[in-house]
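**Q** First the structure, which I've put down as structure tokens, then a few questions once you've had a look.
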Amino acid sequence: MFGYILRRGLGAVLILLVVSAVTFLLFYALPADPARLSCGKTCTPQSLAQIRHSMGLDRPLAVQYWQFLHGVFAGRHFDAVWCAAPCLGYSFVNQQSVSSTLADRFPATLSLAVGASVLILTVGVGFGILAALRRGRALDKQLTAVALVGASMQVYFLGIVARYLLVDQFDLLPQPGYTGITSDPGKWFGGMLLPWITLAVVSAATYVRFTRSAMIEAESQEYVRTARAQGLPPRVVHLRYAWRGALTLVLTQFGLDLGVFLGSAVITETTFNIHGIAQLAVTSVTNLDLPMITGTVLVAATFIVVCNTAVDFCYALIDPRVRL
Amino acid sequence: MIRSRPSKDPTVPRTPAALAWQRLRADRTGMAAGVVVCAFFLLGLCAPLISAIYGKNPYTTYGQNEPGLLDEFGYPTGSMGGISGRFWLGLEPGLGRDVFTQLLYGIRTSLLISAVVVLIVTVLGTAVGLIAGYAGGWLDAGLGRIVDIALSFPSTLFIIAFVPVVQSLFVSADQQTPTWMRVTTLVVVLAAFGWAPVARLLRGQVVSLRTREFVEAARIGGASPIRIVRRELLPNLWTPILVSASLSVPVYVTTEAALSFLGAGIDEPTPDWGRMIHRGAEVYLSDITYMLIPGVAILIFVVAFNLLGDSVRDALSPSGR
Amino acid sequence: MPISVSASTSISRSRRRSRSALAIAVLGTLAVTAACSSSAAEKSGSGDPAAAGTVAKQAVALGTAADSQGPDPAVPGAKSGGTVTVLEQSDFSHLDPARVWSSANQTADLLLTRQLTSYQQVGNTTKLVGDLATDTGTSSDGKTWTYHLKDGLKYEDGSTITAQDVKYGIERTFQKELSGGPQYLQMWLTGKTDYSSTYSGPWGGQDLPQIETPDAKTIVFHLASVHADFPFALAMQAYSPLPKDKDTKSALDQHPFSSGPYKVDSHDVDKGMVLSRNAYWDPKTDPVRHAYPDGWTFEFGAQAVDINQRLIAANGPDKDAMTFKVTIGSDLAAQVNSSPDLKARLVNEVTPFSEFYNINTRRVTDPKVRQALLEAFPRAQTRQLLGGPVYGDFTNTILSPVTDGYQNYDLYNVPDTGDPEKAKALLATTSNPHPTIVYAYQDDTAWQQGAVAIQQALQKAGFNVVTKAISTKNYLDQTQKVDNQYDLYWGGWGPDWPSASSVIPPLFDGRQITDGGGNNSLLNDPAVNAEIDRIEAMTDLKAQDTAWAALDKKIMQEVPIIPWVDPRQVSLYGPGLGGVHTGFIGTCYPLDVYVK
């Protein structure tokens, strides 16, 4: 077990190294001048040269990458500014280190992810089980149909239509937006409500379909059939046995989805104007803020790799055969 | 051994394809969805013809050329976004272009990009999956790692960040960025991330087929690897390939729209659904119609395509439900 | 002057400003504007007095020593107390006075700094008066200017503001590290455009000999040449006092040392800022500032649409909320127009800015082709895409109506929608009736659509049009390059004071062409340059104003720009506030605001 975790963990680190190297290479090796991009509009030749030097752009690419890695683990200097580890670079557009900006933005994205996940899992899995229990009956068909439409919805469309109806027209929900949970919990909750609901409608549908088929699949497994043969009431069979089997699959799916959440949050954060990490990525592109772009891409990649690895670990815990 | 496809019932003389078609025909939802999907393709293909008959095009700024169609703030004067007998789906706020023809031509943009991307990722993914799955060993391990890495990139973020950079590489300052260039960039970046899941899926299928008797038999019979892949493996992979391809078309249609929504998609003046929604999101308070029309169009398209995909899968592998 | 461009639907007009009161009070509310937009009156441009009386033209006079005494005449109905919330899309890019030049930053620094001179706005009258100084300055030859400080001037820590501090504040503007501010005084004192070769700032310990401070309350400036409008230049926030021992260098930008009525309590960059009273500021010394609210709370980071929704809803503390910069777009104009409640709390005034399209005169060398561009240009169509009447009033002149000496004229008499046939006829008389024009625009929705409209309109006249998107962030950088590869690009300007000498020389003096400079049409006409020199040497402000207006018309004969609009500041504010109007900077003016 320990060996497996070690192997898998090392693999994850390796993947991250490659991802960071490729990102770094693609963005920094291009003819577009990152210093020029970072210099902003009041750019003088002196400040350009200075930025070029402090970004380390006057050195070979491999050295730059090494400095970048070194900064991640040990911190580094950008001129007078000390950027503490984990240093993902320094944004000359914002005059702020990338990691502190990311840390700033993280709570918004986290709020989005946590609230939406709770809704998605309860609604999605709940209705999925319901549909499986009523398999083939009217409720199952209705739920399946609704789930199909829901899964075909787009956040950028549903979100704005919902906002128009629920907020602007009928005033049922507060204006969406992020407020720190510590500064005003009520406002935080109110502002996040619409984004959560929108995400839940769009994503829960997938979980309804997924849970339903996982349940049905599990029911054909031998242990469930054994349970049923022992004369246990169908409800107990469903909830105690079939559901267990389905749970693993649902959680696996959830782990993978969580990994790519940061990427998909771009749309949600843009639609609802939530200043999270994903929106930061979009503004950095608009601002051509290269260090910030690479920073957000790397954080998002780390997220994916960590989640995937975590899913693998859980699998290994549950099913020892995987470790082979 | 001419055909070694595993058949559920070898006594029935009809080919599996014919059987699948028969099952699909019997699925009414699937057929209805198929009709809708075909209608979208037809509308896209015939867009120039339809707009010629309808007498308008998606580029002319009717609202700006003719006083009275838009109010002084740029919104259609009629109710419901200016829907009228003359402008069937109303006018675009601001420029006052015809929404109906924009939607029609938008279908072409979306479908063209998605179809090309799906083609590329399917071919590429299948090739990588076949090689990895069949060859095994270090080649499998190496390709597996590359797939792992490709799947670890946050593709949406990466594409948004990368499109403008690629763009600036190839277009000089006093040239207009040609539309084909923008389309190519989008296709390339979308395909760059899209092949990996297909490859992973196909590899799994190949690995499980590799040890089956008919493949073993062919190998012992001295068939070359290429022959085995072509004659033994590929025919058994059509189902997963088709299902994955049909389910990815709506995924790429919505992804392309999302990129345009975020400003990294197709430029003016090429009609595009995502950009219509982007603009709709800016004016939704005053003209929700302009937001609803492309949004509902995408929704219908995606629902129909998903239903069709489900039906195709059911028809091809009836036990899979 | 720096203009900045935002990624939102419209350009944020962040340059600076000018005067004011002209910025006048609008008469009309949106209904009036809307009505006039369809009338013939507006077609003829903003200068038509019938056009909703868009601008009550009024010169900004120099106030007397009596005018310069505090306190500022009270705003009727105003009372002290309360806290005002200010909602902005982004944080102020600079607060360090030496780096302050954009209108948003200047507006913030109104609360935090004082200058030797400043503008006093009472009703519709604006005067330049002594602020720290007892008057607007005395000079016998227009080159040597003497000022005396008032008594009782204090910083936020209670220490006294001295003449040496004023000198140090101006010396800091020479420091290369403190980029972003205006360069007028630096150039006038040294007589050089690359002034830092003469003096590189105080951090290295050097002294600027052109400013003398014989005692703590007297300051004497020795300019290299005559500048009759020197007292106006001194009113810029960049030329604020700072004690040498309070110079925290780059940290001052987040947390300036206040000489104004408020001080910074906390500043969380990009998120928020809290100001409270500077207990040592004495209103009796200050003829231009009221400080009715006890404090100011700034919130940064929301989008314009959300800020406007909050101002409309006016829930809780938003009752006392306002914005310096955020304007309502066309999406809200109709809603605001139909609601008496909203109309009652709307600022709708013409700003001192002007927006135009530069024609690159180095690439489009034939004046006839440039004139054809002007005639074919879809001014109304492009304005409509940005909000129509709420975006601004059409103009045909270089100078804005809020400039002293402004004269209205319309040289070419084309409709606002353009006249492609007239342009075509003109092009037919040139060597190439189908010239190719490269139009560069900012890559966001409104300007992308504008590009479509411009392309179509110019094509009708026979031009081949290449449209070129530039990322919003890079737009000004790219179009302000001397060797840019574009023929037509948007530009904007805000005079730094209500005189054409802060408009025409920076925009059209061929010797001032530099990367990032203001002359983006790259016009370099020896006759224009000579006339600029002649006018600048005048010591009589009135005669100068008249001469500038004549030069305005003369330059337009060469069509270096296509005049477009004088933008409006149309902003909502909470029902709990009074005294909200635009100021000489062109933004919503905080110094008369009170909580009801």
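Naming scheme: A, B, ... for chains in displayed order of the structure tokens; residues 1 onward per chain; ligands 1 onward as shown.
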Sorted by chain and rising residue number, which residues of chain C lie within 7 Å of chain A, and what are their closest atom pairs and distances in Å to one decimal, counting only C-alpha atoms, as a Markdown table?

**A**
| residue | atom | partner | partner_atom | distance |
| --- | --- | --- | --- | --- |
| C:Gly180 | CA | A:Thr42 | CA | 6.5 |
| C:Ser471 | CA | A:Thr286 | CA | 6.7 |
| C:Lys473 | CA | A:Asn287 | CA | 5.4 |
| C:Asp477 | CA | A:Lys41 | CA | 6.0 |

**Q** If you take only C-alpha atoms and a cut-off of 6 Å, which residues of chain A touch chain B, and what are their nearest atom pairs and distances in Å to one decimal, in chain and number order, as a tab-separated table?

**A**
residue	atom	partner	partner_atom	distance
A:Ile15	CA	B:Ile149	CA	5.8
A:Ser152	CA	B:Val303	CA	5.6
A:Phe157	CA	B:Gly295	CA	5.8
A:Gly263	CA	B:Thr156	CA	5.6
A:Val285	CA	B:Ala161	CA	5.6
A:Ala300	CA	B:Pro154	CA	5.8
A:Ala301	CA	B:Phe153	CA	5.3
A:Ile304	CA	B:Ser152	CA	5.8
A:Val305	CA	B:Ser152	CA	6.0

**Q** Kindly provide, as a ChimeraX atom specification, the residues of chain B having any atom no farther than 9 Å from an atom of chain C, counting only C-alpha atoms.

**A** /B:59-61,64-65,72-75,93-95,164,173-177,263,267-269,275,278-279,282-287

**Q** Limited to N, CA and C atoms, could you put the picked residues into a file as a compact mmCIF listing (two decimals), in the first residue's frame?

**A**
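Result written to again26.txt:
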# COMPACT_ATOMS: atom_id res chain seq x y z
N TYR B 59 -25.04 40.27 -42.45
CA TYR B 59 -24.00 41.29 -42.33
C TYR B 59 -24.55 42.71 -42.40
N THR B 60 -25.63 42.89 -43.16
CA THR B 60 -26.15 44.24 -43.33
C THR B 60 -26.70 44.79 -42.01
N THR B 61 -26.36 46.02 -41.71
CA THR B 61 -26.82 46.62 -40.46
C THR B 61 -28.13 47.36 -40.73
N GLN B 64 -29.15 50.24 -38.50
CA GLN B 64 -28.42 51.50 -38.61
C GLN B 64 -28.70 52.21 -39.92
N ASN B 65 -29.01 51.41 -40.94
CA ASN B 65 -29.23 52.02 -42.25
C ASN B 65 -30.60 52.66 -42.35
N GLU B 72 -33.05 55.45 -29.92
CA GLU B 72 -31.82 56.24 -29.88
C GLU B 72 -30.73 55.58 -29.04
N PHE B 73 -31.12 54.60 -28.21
CA PHE B 73 -30.09 53.91 -27.44
C PHE B 73 -29.61 52.64 -28.16
N GLY B 74 -30.17 52.37 -29.32
CA GLY B 74 -29.71 51.22 -30.10
C GLY B 74 -30.53 49.96 -29.93
N TYR B 75 -31.67 50.05 -29.24
CA TYR B 75 -32.49 48.85 -29.06
C TYR B 75 -33.62 48.82 -30.06
N PRO B 93 -29.43 44.28 -31.12
CA PRO B 93 -29.30 45.64 -30.58
C PRO B 93 -27.97 46.25 -31.01
N GLY B 94 -27.95 47.53 -31.24
CA GLY B 94 -26.70 48.18 -31.63
C GLY B 94 -26.55 48.26 -33.13
N LEU B 95 -26.04 47.18 -33.73
CA LEU B 95 -25.79 47.23 -35.16
C LEU B 95 -27.07 47.02 -35.98
N PRO B 164 -5.05 34.07 -28.13
CA PRO B 164 -4.49 35.37 -28.56
C PRO B 164 -2.99 35.33 -28.83
N ALA B 173 0.93 43.43 -38.01
CA ALA B 173 0.13 44.51 -37.44
C ALA B 173 -0.88 45.12 -38.41
N ASP B 174 -0.52 45.22 -39.69
CA ASP B 174 -1.45 45.93 -40.58
C ASP B 174 -2.31 44.99 -41.42
N GLN B 175 -2.38 43.74 -40.98
CA GLN B 175 -3.23 42.81 -41.70
C GLN B 175 -4.42 42.49 -40.83
N GLN B 176 -5.52 42.20 -41.49
CA GLN B 176 -6.67 41.75 -40.74
C GLN B 176 -6.45 40.28 -40.42
N THR B 177 -6.85 39.84 -39.21
CA THR B 177 -6.76 38.43 -38.91
C THR B 177 -7.82 37.72 -39.74
N GLY B 263 -14.84 35.59 -25.16
CA GLY B 263 -14.08 36.50 -26.00
C GLY B 263 -12.88 35.87 -26.67
N ASP B 267 -14.29 35.98 -34.37
CA ASP B 267 -14.37 37.45 -34.41
C ASP B 267 -15.56 37.95 -35.22
N GLU B 268 -15.91 39.19 -34.98
CA GLU B 268 -16.80 39.91 -35.89
C GLU B 268 -16.12 39.93 -37.26
N PRO B 269 -16.88 39.96 -38.33
CA PRO B 269 -18.34 39.91 -38.38
C PRO B 269 -18.89 38.50 -38.61
N ARG B 275 -20.89 34.26 -29.60
CA ARG B 275 -20.74 35.71 -29.53
C ARG B 275 -22.11 36.39 -29.42
N HIS B 278 -22.83 36.19 -25.86
CA HIS B 278 -21.98 37.16 -25.17
C HIS B 278 -22.60 38.55 -25.22
N ARG B 279 -23.01 38.92 -26.43
CA ARG B 279 -23.65 40.22 -26.61
C ARG B 279 -25.00 40.24 -25.88
N GLU B 282 -24.81 41.10 -22.39
CA GLU B 282 -24.57 42.52 -22.11
C GLU B 282 -25.86 43.33 -22.14
N VAL B 283 -26.81 42.88 -22.96
CA VAL B 283 -28.01 43.70 -23.16
C VAL B 283 -29.25 43.03 -22.57
N TYR B 284 -29.06 41.96 -21.77
CA TYR B 284 -30.23 41.17 -21.38
C TYR B 284 -31.25 41.96 -20.59
N LEU B 285 -30.81 43.00 -19.90
CA LEU B 285 -31.77 43.76 -19.10
C LEU B 285 -32.77 44.49 -19.98
N SER B 286 -32.31 44.94 -21.14
CA SER B 286 -33.20 45.70 -22.00
C SER B 286 -33.79 44.86 -23.13
N ASP B 287 -33.13 43.79 -23.47
CA ASP B 287 -33.58 43.01 -24.63
C ASP B 287 -33.26 41.54 -24.40

**Q** Would you list the contacts of stretch 18-20 of chain B as a ChimeraX atom specification, taking every protein, DNA or RNA residue within 6 Å and counting only C-alpha atoms, but skipping same-chain residues closer than 2 positions in sequence?

**A** /B:15-16,22-23,315-316

**Q** With C-alpha atoms retained, write the just-selected residues as an mmCIF file, in the first residue's frame.

**A**
data_model
loop_
_atom_site.group_PDB
_atom_site.id
_atom_site.type_symbol
_atom_site.label_atom_id
_atom_site.label_comp_id
_atom_site.auth_asym_id
_atom_site.auth_seq_id
_atom_site.Cartn_x
_atom_site.Cartn_y
_atom_site.Cartn_z
ATOM 1 C CA THR B 15 -25.290 -7.799 -40.449
ATOM 2 C CA PRO B 16 -24.915 -6.042 -37.078
ATOM 3 C CA GLN B 22 -33.531 -1.620 -37.270
ATOM 4 C CA ARG B 23 -33.353 -0.960 -33.552
ATOM 5 C CA ALA B 315 -28.982 0.550 -30.975
ATOM 6 C CA LEU B 316 -25.367 -0.497 -31.350
#

**Q** Write out as a PyMOL selection string all residues of stretch 35-244 of chain B that backbone DSSP assigns to strand (DSSP E or B).

**A** chain B and resi 70+76+91+98

**Q** Take the residues from that selection and write them out as a PDB file, in the first residue's frame, keeping N, CA and C atoms.

**A**
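See result.pdb below for the written result:
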ATOM      1  N   LEU B  70     -34.356  51.007 -34.789  1.00  0.00           N
ATOM      2  CA  LEU B  70     -33.765  51.008 -33.456  1.00  0.00           C
ATOM      3  C   LEU B  70     -34.076  52.338 -32.783  1.00  0.00           C
ATOM      4  N   PRO B  76     -34.012  47.587 -30.479  1.00  0.00           N
ATOM      5  CA  PRO B  76     -35.106  47.484 -31.444  1.00  0.00           C
ATOM      6  C   PRO B  76     -36.348  48.182 -30.913  1.00  0.00           C
ATOM      7  N   LEU B  91     -34.086  42.023 -34.401  1.00  0.00           N
ATOM      8  CA  LEU B  91     -32.849  42.696 -34.789  1.00  0.00           C
ATOM      9  C   LEU B  91     -31.850  42.662 -33.645  1.00  0.00           C
ATOM     10  N   ASP B  98     -29.844  41.325 -38.859  1.00  0.00           N
ATOM     11  CA  ASP B  98     -30.981  40.413 -38.796  1.00  0.00           C
ATOM     12  C   ASP B  98     -30.619  39.180 -37.963  1.00  0.00           C
TER      13      ASP B  98
END

**Q** Check the DSSP output for the backbone and give back, as a count of residues only, the residues of stretch 17-161 of chain A in helix (DSSP H, G or I).

**A** 100
